[in-house]
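Colleague: Here it is, the structure in full.
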Amino acid sequence: MSKLRARKKSAAQRRRGTTPILESLRERFSLSSWQTLALILAGSFILQVSALKAPFFADDHVFLDLVSFKSLPQSIVSPDPLSSYFRPLGRQVYFWLNAHISNESPIFFHSVNVCLFLLSLGLLFSIAKHLASQLAGAVAAGFLALHYAVDLPLRWVAGSQDLLAMTGALLAIRLFLMRRPWLAAFALFLALLCKEIVVFTPMIAILLGHWDGESWKRAAFRTLPLFLILIPWAILWHLFGSRHVTTGLELTFKASGFLAAFVQLARVTLGLEWPNGQFVSRWLVVPPILALLPVVIAVLWTSSPRRKTPHSLTPGLGWALLGALPVGSVATIWSAYYYVFALAGIALALGVWVTRFPRWVAVALIVILAWTSNGARRINEFATSPDAWSAQSHLNSWWFNRGAGCVESYLHDLKNARPTVPGGSTFFFFNIPPFTFWHSGSIVRWAYRDSSLHAYFLREFSLEKARSGSNFYFFGQKDRLVELPASEALYDVAAIMVLRDDPGIARDALLLELESSPGGEIATYWLAWVKWALGDTVQAQDLLKRTGLAINRGPSPELSHARALARSGETQKAIDLVLDAIQHHALDPAPQGLLADLLDMRGRPVNKPDPDLVIAAYAARILDPQNPQAWRRWAMLQYSRGLFPETRRSLDIYFALGGPTAEGDEQARKVLSMIPRLIPGGDLVQKAVRGASPE
């Protein structure tokens, strides 16, 4: 009998891929549950410790602004500043408590996020160990500990919503398995008030309850409290959350979206994200060795199963699919961190699956997935337009690092230019690069700790806002923020807004300039053409008369001589002659168009529109709206200033008016073909996101 037992033991050891010596060592020095978990948590902390140094960014400033000047009850009942969903615990309560405890320290916020994630790893380990084995728990927790999808929630304070929801849902599942269904229901309710991604937790509990040895009927009956708790949450969601969702965050329920959500779950699981055209290079990375080492030790030396481990993958995969299902409603803006709860189900399935094989398979699986995940972690691109099938997340670590660095630089420049400001002051920001998530009002109030301050973007400019107090104007130049004098800024506002075909805002900027400098001829002249564009030609002509111009339509005899001067290289003399022609024939579009062309030959300022060039081209266009060359000139000016949708509209008019001549215009056709590449989602935009210069 002893020989038979020895042969059976030897066969079992071969199946596990071990030698008698290694098996003996593992049995003698095998890690306890706490030791295994401690190693995994250590590996996760090593990997994510840099998150503690991350600054506040994007939505963080919005929520800090919401809670900084209010009591907790006031913060809770205040409307959500983003008007998206209903997450009072994950937003108002979380930010209020941490802000008041830490005096708004980003390190403290990030420390709490890291602790939440480590707690969720402990809960996942406990669940997998209870349902399968300690080895399954080690693999499950180790997989999630090293996964790139958790990077953003740990670096971005607002990621607390996902971490809180996942931790609450995992706690609910663990309490349910401990036969505490009402406590589990309470934990789930709190999780849902953080983020609705865990709404299918009751169905996951049924799967796990049946897997734990209960009948389907009994498992379903015990989940009744979890289903009941969904009712008050759904009422609150309907009353306060789902009616006023921010544009771009609307929920959509299409089969294609849910299919994409499941496909992207597989992509995220395997770390298969890569920049456009860089599929091969994404593999040229190494795993995070220092973080991986303790996890590998934990998996290799954790104790072997003492009982038969259930090998069904259905509960874990079912958990993953149910966890990913809510992502289908926002699939067009998917990001890897949306799947953190679903990945816990994948982790459970992997933990159970590897117990079928020798121990080295579990180690190899952890190493390979850590390697592929690190490749996705190092991606230097993010999706810039809504696309459910994009090869990159819409928000990831690169997005965070790029945007947060720009915001930090802007904040430094802002406080350096204006260390203090009077209460009630108003800031106007323009030319802010896309994808920086510069929430102007929230950031200004947070930066100066003054709730009376206001801030707006260029498109929000109005006379009413500008008259409210002291005004400050800041212009973005890549990663720098430059303050402009009020007069210069107002002319820039007017120039940019007429280029955007928004004369209403241009009018307000010019009226404000005239209030501060009554009788200014330049502002009066500009205002005349803006009024003309708005349809008030009578007042426009009156304004032109005030500047000393003759209201004549021409033709202007000076133009042929001016063109000859320009051809001979005497551009300034040509400009002076054209200005004289405009003085005598203010309503003749020809000298306005020629002036714009001559000013364009002289060169344009970098990053800013040349106001004189803009207003001349604008006057030529509105005086002769049926002239295709006026629209072509206008389109090229818009294109040079990065106004690509506006360029496309102007070129469409040019081609409609220009006939065969316009159809044969190769330069205009080339510009039109470039526009899709230069708007969000285009390859040149993606190239710029990576830090490279567009063509």
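Naming works like this for the structure tokens: A, B, ... for the chains as they're shown, residue 1 at the start of each chain, ligands 1 onward in shown order.
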Name all residues at most 8 Å from segment 402-405 of chain A (count only C-alpha atoms; drop same-chain ones fewer than 4 positions away) and give them as a PDB file with C-alpha atoms, in the first residue's frame.
Modeller:
ATOM      1  CA  PRO A  55      -1.534  66.511  -9.102  1.00  0.00           C
ATOM      2  CA  PHE A  56      -5.206  67.324  -9.247  1.00  0.00           C
ATOM      3  CA  PHE A  57      -6.528  67.334 -12.802  1.00  0.00           C
ATOM      4  CA  ALA A  58      -9.685  67.892 -14.852  1.00  0.00           C
ATOM      5  CA  TRP A 398      -0.762  59.345 -21.357  1.00  0.00           C
ATOM      6  CA  SER A 409       2.286  74.860 -16.130  1.00  0.00           C
ATOM      7  CA  PHE A 435      -7.596  67.704 -24.312  1.00  0.00           C
ATOM      8  CA  THR A 436      -6.170  69.789 -21.444  1.00  0.00           C
ATOM      9  CA  PHE A 437      -9.497  69.714 -19.564  1.00  0.00           C
TER      10      PHE A 437
END
Colleague: Compile the contact shell of Tyr410 of chain A as a ChimeraX atom specification: residues with an atom at most 12 Å away, counting only C-alpha atoms, same-chain residues fewer than 4 positions apart removed.
Modeller: /A:57,403-406,414-418,429,432-433,436-440,443-444,447,474-483
Colleague: Go ahead and write the selection's residues with C-alpha atoms as an mmCIF file, in the first residue's frame.
Modeller:
data_model
loop_
_atom_site.group_PDB
_atom_site.id
_atom_site.type_symbol
_atom_site.label_atom_id
_atom_site.label_comp_id
_atom_site.auth_asym_id
_atom_site.auth_seq_id
_atom_site.Cartn_x
_atom_site.Cartn_y
_atom_site.Cartn_z
ATOM 1 C CA PHE A 57 -6.528 67.334 -12.802
ATOM 2 C CA GLY A 403 -3.001 67.210 -19.719
ATOM 3 C CA ALA A 404 -1.943 67.427 -16.082
ATOM 4 C CA GLY A 405 1.502 68.703 -17.067
ATOM 5 C CA CYS A 406 -0.063 71.451 -19.163
ATOM 6 C CA LEU A 414 -1.414 82.212 -13.773
ATOM 7 C CA LYS A 415 -0.250 82.663 -10.176
ATOM 8 C CA ASN A 416 3.052 84.144 -11.308
ATOM 9 C CA ALA A 417 1.277 86.763 -13.432
ATOM 10 C CA ARG A 418 -1.421 87.459 -10.845
ATOM 11 C CA PHE A 429 -9.036 82.255 -21.352
ATOM 12 C CA ILE A 432 -6.457 76.749 -24.772
ATOM 13 C CA PRO A 433 -5.294 73.525 -26.491
ATOM 14 C CA THR A 436 -6.170 69.789 -21.444
ATOM 15 C CA PHE A 437 -9.497 69.714 -19.564
ATOM 16 C CA TRP A 438 -8.875 73.206 -18.218
ATOM 17 C CA HIS A 439 -12.082 73.792 -16.230
ATOM 18 C CA SER A 440 -11.542 77.522 -16.073
ATOM 19 C CA ILE A 443 -9.553 76.030 -11.384
ATOM 20 C CA VAL A 444 -9.471 79.786 -10.798
ATOM 21 C CA ALA A 447 -6.229 78.353 -7.181
ATOM 22 C CA PHE A 474 -4.931 84.974 -20.708
ATOM 23 C CA PHE A 475 -3.807 83.460 -24.003
ATOM 24 C CA GLY A 476 -2.585 79.857 -24.290
ATOM 25 C CA GLN A 477 0.650 79.249 -26.188
ATOM 26 C CA LYS A 478 1.184 75.477 -26.151
ATOM 27 C CA ASP A 479 2.069 74.721 -22.515
ATOM 28 C CA ARG A 480 2.389 78.373 -21.413
ATOM 29 C CA LEU A 481 -0.232 80.888 -20.345
ATOM 30 C CA VAL A 482 0.417 84.537 -21.232
ATOM 31 C CA GLU A 483 -1.526 87.502 -19.876
#
Colleague: Nearest to Gly137 of chain A: which of A:Ile235, A:Thr355, A:Ser78, A:Ser50 is it, counting only C-alpha atoms?
Modeller: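 Ranked by minimum distance to Gly137 of chain A, first place goes to A:Thr355.
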Colleague: List the neighbours of Glu464 of chain A out to 10 Å using only C-alpha atoms; skip same-chain residues closer than 3 positions along the sequence, and give me the result as number ranges by chain.
Modeller: A: 461, 467-468, 508, 512
Colleague: A:Ala136, A:Pro589, A:Thr661, A:Val363: which is nearest Ala630 of chain A, counting only C-alpha atoms?
Modeller: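 Nearest candidate to Ala630 of chain A out of A:Ala136, A:Pro589, A:Thr661, A:Val363: A:Pro589.
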Colleague: Out of A:Ser640, A:Ser335, A:Gln629, A:Asn471, which residue has the shortest atom-to-atom distance to Leu484 of chain A when counting only C-alpha atoms?
Modeller: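 Selected residue with least distance to Leu484 of chain A: A:Asn471.
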Colleague: From segment 320-556 of chain A, collect each residue whose DSSP state is strand (DSSP E or B) and return the set as a list in words.
Modeller: Thr426, Phe427, Phe428, Phe429, Phe430, His454, Ala455, Tyr456, Phe457, Asn471, Phe472, Tyr473, Phe474, Phe475, Gly476, Gln477, Arg480, Leu481, Val482, Glu483 and Leu484 of chain A
Colleague: In Å, how far is it from atom CA of Gly168 of chain A to atom CA of Leu188 of chain A?
Modeller: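 Going from atom CA of Gly168 of chain A over to atom CA of Leu188 of chain A covers 5.9 Å.
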Colleague: Could you tell me which of A:Arg449, A:Arg500, A:His454, A:Arg602 comes closest to Tyr618 of chain A if we count only C-alpha atoms?
Modeller: A:Arg500
Colleague: Quick one: pull the distance between atom CA of Leu239 of chain A and atom CA of Tyr338 of chain A, Å, one decimal.
Modeller: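 A separation of 24.3 Å between them.
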Colleague: Write down as a PyMOL selection string the residues of segment 40-157 of chain A whose backbone DSSP state falls under alpha helix (DSSP H).
Modeller: chain A and resi 40-48+59-68+72-77+94-102+106-131+134-145+151-155
Colleague: Give me, please, the distance in Å between atom CA of Leu236 of chain A and atom CA of Cys194 of chain A, quoted to one decimal.
Modeller: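 A separation of 12.7 Å between them.
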Colleague: Give the answer as one residue: which of A:Arg180, A:Lys129, A:Arg174, A:Arg267 has the shortest atom-to-atom distance to Thr302 of chain A, using only C-alpha atoms?
Modeller: A:Lys129
Colleague: Extract, using only C-alpha atoms, all DNA, RNA and protein residues at most 12 Å from Leu577 of chain A, discarding same-chain residues fewer than 4 positions from it, and format them as a list in words.
Modeller: Ser556, Pro557, Glu558, Leu559, Ser560, His561, Ala562, Arg563, Ala564, Leu565, Ala566, Glu570, Thr571, Gln572, Lys573, Ala581, Ile582, Gln583, His584, Pro591, Gln592, Leu594, Leu595 and Leu598 of chain A
Colleague: Within 7 Å of Leu170 of chain A, counting only C-alpha atoms, which residues qualify if same-chain residues fewer than 6 places away don't, as a PyMOL selection string?
Modeller: chain A and resi 120+123-124
Colleague: Find the residues around Val157 of chain A up to 7 Å (only C-alpha atoms counted), leave out those fewer than 4 positions away in its own chain, and share them as a list in words.
Modeller: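 Answer for this query is Phe56, Asp60, Phe109, His110 and Pro153 of chain A.
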Colleague: Counting only C-alpha atoms, figure out which residue out of A:Phe189, A:Trp182, A:Phe117, A:Phe258 gets nearest to Ile231 of chain A.
Modeller: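 Residue with the minimum atom-to-atom distance to Ile231 of chain A: A:Phe189.
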Colleague: Using only C-alpha atoms, find each residue of segment 124-218 of chain A with at least one atom at most 9 Å away from an atom of segment 79-95 of chain A; report its shortest atom-to-atom pair and that distance in Å (one decimal), sort the rows by chain and rising residue number, and return the result as a tab-separated table.
Modeller:
residue	atom	partner	partner_atom	distance
A:Ala158	CA	A:Arg91	CA	7.6
A:Gly159	CA	A:Gly90	CA	8.9
A:Ser160	CA	A:Gly90	CA	6.4
A:Gln161	CA	A:Gly90	CA	4.6
A:Asp162	CA	A:Gly90	CA	8.1
A:Leu163	CA	A:Gly90	CA	9.0
A:Leu164	CA	A:Gly90	CA	6.8
A:Ala165	CA	A:Gly90	CA	7.9
A:Leu190	CA	A:Leu89	CA	7.4
A:Ala191	CA	A:Leu89	CA	8.3
A:Leu192	CA	A:Arg87	CA	7.6
A:Leu193	CA	A:Arg87	CA	4.8
A:Cys194	CA	A:Gly90	CA	4.0
A:Lys195	CA	A:Arg87	CA	5.8
A:Glu196	CA	A:Arg87	CA	8.0
